[in-house]
2 protein chains.
Amino acid sequence: MNDTRDPNVRESVSESPEAVESTGVISPHFIAQFVGAVGDGDKPYLWRKAKELHPADMADLLEHLPPEAFRKAIHLLGKDLPAETVAELSDNMRLEALRELTDAAVTAMIGHLDSDDASFLLSDLEDDRRVRILNKVSATDRAAIESSLAFDDESAGRLMQRAFVAAPVFWNVGQAIDHMRTVSDDDLPENFFEIYIVDPAFRLQGSVPLSTLLRASREKSLKEIMKEIKASIRPETDQEEVAYLFRQYNLASAPVVDEAGRLTGMITIDDVVDVIQEEAEEDILALSGVSEAGVNQSILSAVRARIPWLLVNLVTAFFASTVVSFFAPVIDQFVALTFLMPVVAGLSGNAGSQALAVSVRAIAERDLEGPLVRRAIRREALTATINGTIVAWTAALVVLAWFHNPTISVVIGVSMMLSFTWAGLVGILAPLTLKRLGADPAVASSVFVLTSIDMVSFFVFLGLASLMLL
Amino acid sequence: MNDTRDPNVRESVSESPEAVESTGVISPHFIAQFVGAVGDGDKPYLWRKAKELHPADMADLLEHLPPEAFRKAIHLLGKDLPAETVAELSDNMRLEALRELTDAAVTAMIGHLDSDDASFLLSDLEDDRRVRILNKVSATDRAAIESSLAFDDESAGRLMQRAFVAAPVFWNVGQAIDHMRTVSDDDLPENFFEIYIVDPAFRLQGSVPLSTLLRASREKSLKEIMKEIKASIRPETDQEEVAYLFRQYNLASAPVVDEAGRLTGMITIDDVVDVIQEEAEEDILALSGVSEAGVNQSILSAVRARIPWLLVNLVTAFFASTVVSFFAPVIDQFVALTFLMPVVAGLSGNAGSQALAVSVRAIAERDLEGPLVRRAIRREALTATINGTIVAWTAALVVLAWFHNPTISVVIGVSMMLSFTWAGLVGILAPLTLKRLGADPAVASSVFVLTSIDMVSFFVFLGLASLMLL
């Protein structure tokens, strides 16, 4: 894929210029070379590349390997595989890599990671292996990881790291800076953007961005320059809520406090960006009836991720068939109706998908709340009716020209208008109802919406045809 | 919507606790009170709220107002409306607000914003009004805004701000800190996370995160502690590329350099988060044939955003009709076939949508590149074939039980298997081909994919029926 190289982006990731050709595009030549080295068991070459490449690029490279080469590369690298690279691998590949690594190698990795990434890796392991490895890491790390794992999978408690900088409210700028200079690297996060100000009981009082701290004179009290915390987050807070707060208030990092208001952790934007991406991706896939996807997904897991919805849809499709079968007499007499069935159902289905996609997104963005709900329902109903009118009577004209039968033409016009209005209404009401019932609006809506539109269109179209033609 | 309040999130945004009940949920009571104040022309109340609330919350509040109250509120607030609030409004509402504001008010706002936000606001205005306003702002601001507006709409040049901190490579930590303490607030970005190190020709050499700078001793040379720049960005770089780099390398900010490698701007993560969100949203909507959406979209613009795809689909639906019409003889004799047409076409269509959603996401995530393409095509084809086999023969059994006609049962089984395989292949090949042709894979794929699946299913099903039943 050399031809997709973007001339506007220059890379200086590694000393070997051929490695990563352009961002995200790893050259086939480099992959072939790497696969060759894996085949030869050339450990020094693999070690060098693992050191040179950015962990995210190294993870991409590993993901591009054929399955056997991937396993062998992990095995050869062993404990020299950077922990950050493993953390950057996609879900399936990370599991695979952890299976290939020894307990000793995983234990060494855990020690190198921030507590959020460490518990992320460990959460993938079987229970007994996790216990075995946790028993080998330092007591401090173990405590941090265990308390992180105690929180729900998609909660702030999992996203947050235990390493952050806190300063007492009575300190001045100079004291805070001196404290940071003396504290050991291991006790600080790799990168941070603000420090937190706490009272003697460790209750959060405010934050001071590093850019403010740097510019203040050493004598200034922290209390004077600290900013109010926009929205404090609890460890139990859902990750979607966290993502919302970061976006709403343009945050780069945020503190997490317990029920007594005591500072317990810090969440940084890089973890939140992953959440934002994941949530949007889940909606796209869910709207199309896919429960999970990934580049390196096996065929078996792709089948498993898609077959449930297809089987549900098979049942609902036969409901639509049954509706059609009621109208056998009119179809028998006017075979032309069968040519038009796909037009009525297909177009109404599309109008429904449009309303559904807009509503699901608006719900995810928290734009469908309070007084805006009624306005949105009105808009969807009217938009569908207007579009239905335009499309229905265009279709009616085409049908008139095709069959020279004004009655069939009126039947298709009226029935399309009605089923479009239905499509618009159900496209917004189904996700709103599901949300009110506590279900994920994206996952379950498609089935209900599209089946009901199919059934309504066939019923209205063939029913009207029976009334007017028989 | 008081019942949706999340007990895990506490808000301390404003001094009036009733204002924002919980994140993102503005109470109906508060809106009513605000609408009342707008109706009474109570300027002091509006000013107070505009000052108390976070700009993002104030923007949400304004978006929840009925259209007339919105316009009146903007008019009453005038130049006291915080510039950041206007920047946070959704597209339609921002345009509306700018229309309501006087040139003097807009000019004052421009002066308060970073250059990226200022040019964002100005890009919405008609050409002559923009020129008029630009003539009133300071020469420095004007130059920054004009050069920003010269870049393409979705480029790094638009995202970047001109305010950043650069230090010569021969300085030490103390010199850099002293420089930042003395420079005026107006010349610095509101918040920043790293400083950039340049040579005497202002060519970028590296970056120093503030957390590193703070902890280093004053005598340390910047050269010693600076980090290599992972991926340098040019002003022409597409915003999707920028978002990719931020995600890949977990960046909080990144420098932008010109063709000679000279530092020209800085992009911060908050702007990139918006891009990530937008791009994912565009894909969701595009896959459902919606070109644009928003809470406060008018019915007219909702119609305009959706009707084009419906009209295209009307044309393609008649292609499918034509396919059906070829087989009138067999339908005439076996009316049961019409009951089953929706089953064959509907389920294959779903299998196609699944493949499409997975492929469009993989392309957006840059996971479908190089050697992974062939593997993905193979996976989609096999997954569709396996799912097709399961679904087809389940359907065949149902049909056998329903019609007691083994031939029809075989016809539906074989034709569903074939059309599923087609659905899987076209679901991945269409977006890949569109991408290779330089088109947006999400926008154009649905039409091609779903129409071709409809036509293939009807052709295979009815064609096979003609061969075996007539």
# chains A, B, ... in the order shown; residues from 1 in each chain; ligands from 1
$ select_by_dssp --residues "segment 185-308 of chain A" --states "helix (DSSP H, G or I)" --output "PyMOL selection string"
chain A and resi 185-187+210-215+222-225+239-248+269-287+299-308
$ write_last_selection --atoms "C-alpha atoms" --output "mmCIF file, in the first residue's frame"
data_model
loop_
_atom_site.group_PDB
_atom_site.id
_atom_site.type_symbol
_atom_site.label_atom_id
_atom_site.label_comp_id
_atom_site.auth_asym_id
_atom_site.auth_seq_id
_atom_site.Cartn_x
_atom_site.Cartn_y
_atom_site.Cartn_z
ATOM 1 C CA ASP A 185 9.773 8.708 39.321
ATOM 2 C CA ASP A 186 7.943 5.507 40.238
ATOM 3 C CA ASP A 187 5.450 7.367 42.387
ATOM 4 C CA LEU A 210 0.845 22.769 35.324
ATOM 5 C CA SER A 211 0.834 25.688 32.880
ATOM 6 C CA THR A 212 -0.531 27.917 35.675
ATOM 7 C CA LEU A 213 1.829 26.489 38.278
ATOM 8 C CA LEU A 214 4.882 27.116 36.111
ATOM 9 C CA ARG A 215 4.037 30.734 35.567
ATOM 10 C CA LEU A 222 -1.873 27.219 45.855
ATOM 11 C CA LYS A 223 -5.249 28.188 47.271
ATOM 12 C CA GLU A 224 -5.111 31.465 45.381
ATOM 13 C CA ILE A 225 -4.436 29.971 41.958
ATOM 14 C CA GLN A 239 -17.243 5.350 31.557
ATOM 15 C CA GLU A 240 -19.748 6.887 29.133
ATOM 16 C CA GLU A 241 -20.509 9.520 31.752
ATOM 17 C CA VAL A 242 -16.765 10.139 32.154
ATOM 18 C CA ALA A 243 -16.355 10.551 28.393
ATOM 19 C CA TYR A 244 -19.261 12.974 28.367
ATOM 20 C CA LEU A 245 -17.689 15.139 31.096
ATOM 21 C CA PHE A 246 -14.303 15.235 29.332
ATOM 22 C CA ARG A 247 -15.947 16.338 26.091
ATOM 23 C CA GLN A 248 -18.340 18.801 27.694
ATOM 24 C CA ILE A 269 -7.625 11.933 28.252
ATOM 25 C CA ASP A 270 -5.816 9.139 26.364
ATOM 26 C CA ASP A 271 -7.937 6.510 28.127
ATOM 27 C CA VAL A 272 -11.066 8.569 27.547
ATOM 28 C CA VAL A 273 -10.343 8.906 23.818
ATOM 29 C CA ASP A 274 -10.390 5.110 23.614
ATOM 30 C CA VAL A 275 -13.751 5.066 25.387
ATOM 31 C CA ILE A 276 -15.229 7.665 23.011
ATOM 32 C CA GLN A 277 -14.030 5.663 20.031
ATOM 33 C CA GLU A 278 -15.333 2.386 21.462
ATOM 34 C CA GLU A 279 -18.763 3.747 22.280
ATOM 35 C CA ALA A 280 -19.248 5.227 18.819
ATOM 36 C CA GLU A 281 -18.047 1.989 17.268
ATOM 37 C CA GLU A 282 -20.443 -0.079 19.368
ATOM 38 C CA ASP A 283 -23.343 2.032 18.097
ATOM 39 C CA ILE A 284 -22.346 1.618 14.443
ATOM 40 C CA LEU A 285 -22.017 -2.144 14.778
ATOM 41 C CA ALA A 286 -25.111 -2.554 16.937
ATOM 42 C CA LEU A 287 -27.274 -0.695 14.404
ATOM 43 C CA ILE A 299 -14.078 -16.560 11.415
ATOM 44 C CA LEU A 300 -15.629 -18.457 14.309
ATOM 45 C CA SER A 301 -16.006 -15.339 16.446
ATOM 46 C CA ALA A 302 -17.278 -13.332 13.456
ATOM 47 C CA VAL A 303 -19.959 -15.979 12.967
ATOM 48 C CA ARG A 304 -20.834 -15.895 16.644
ATOM 49 C CA ALA A 305 -21.010 -12.084 16.651
ATOM 50 C CA ARG A 306 -23.487 -11.989 13.761
ATOM 51 C CA ILE A 307 -25.621 -15.135 13.729
ATOM 52 C CA PRO A 308 -27.865 -14.286 16.733
#
$ residues_around --residues "Asp40 of chain A" --least-positions-apart "4" --cutoff "12 Å" --atoms "only C-alpha atoms" --output "PyMOL selection string"
chain A and resi 33-36+44-46+69+72-73+76
$ residues_around --residues "segment 97-104 of chain A" --least-positions-apart "5" --cutoff "7 Å" --atoms "only C-alpha atoms" --output "number ranges by chain"
A: 71, 74-75, 78, 133
$ residues_around --residues "Ser409 of chain B" --least-positions-apart "4" --cutoff "10 Å" --atoms "only C-alpha atoms" --output "CSV table (one decimal) with C-alpha atoms, in the first residue's frame"
chain,number,residue,atom,x,y,z
B,392,ALA,CA,-30.8,-20.9,4.7
B,393,TRP,CA,-31.4,-24.4,5.9
B,395,ALA,CA,-35.5,-21.2,6.6
B,396,ALA,CA,-35.8,-24.3,4.3
B,397,LEU,CA,-37.1,-26.4,7.2
B,398,VAL,CA,-39.7,-23.7,8.1
B,399,VAL,CA,-40.8,-23.5,4.5
B,400,LEU,CA,-41.1,-27.3,4.2
B,401,ALA,CA,-43.3,-27.4,7.3
B,402,TRP,CA,-45.4,-24.5,6.0
B,403,PHE,CA,-45.9,-25.4,2.3
B,404,HIS,CA,-45.1,-29.2,2.3
B,405,ASN,CA,-43.3,-28.6,-1.0
B,413,GLY,CA,-32.2,-22.9,0.8
B,414,VAL,CA,-29.9,-22.8,-2.2
$ closest_residue --among "B:Ser415, B:Thr385, B:Ser253, B:Ser298" --to "Phe459 of chain B" --atoms "only C-alpha atoms"
B:Ser415
$ residues_around --residues "Gly174 of chain A" --least-positions-apart "3" --cutoff "10 Å" --atoms "only C-alpha atoms" --output "ChimeraX atom specification"
/A:171,177-179,213-214,216-222
$ closest_residue --among "A:Thr407, A:Thr421, A:Ser348, A:Ser325" --to "chain B" --atoms "only C-alpha atoms"
A:Ser325
$ closest_residue --among "A:Leu62, A:Met341, A:Ile267, A:Ala118" --to "chain B" --atoms "only C-alpha atoms"
A:Met341
$ closest_residue --among "A:Asp128, A:Asp238, A:Asp117, A:Asp440" --to "chain B" --atoms "only C-alpha atoms"
A:Asp238
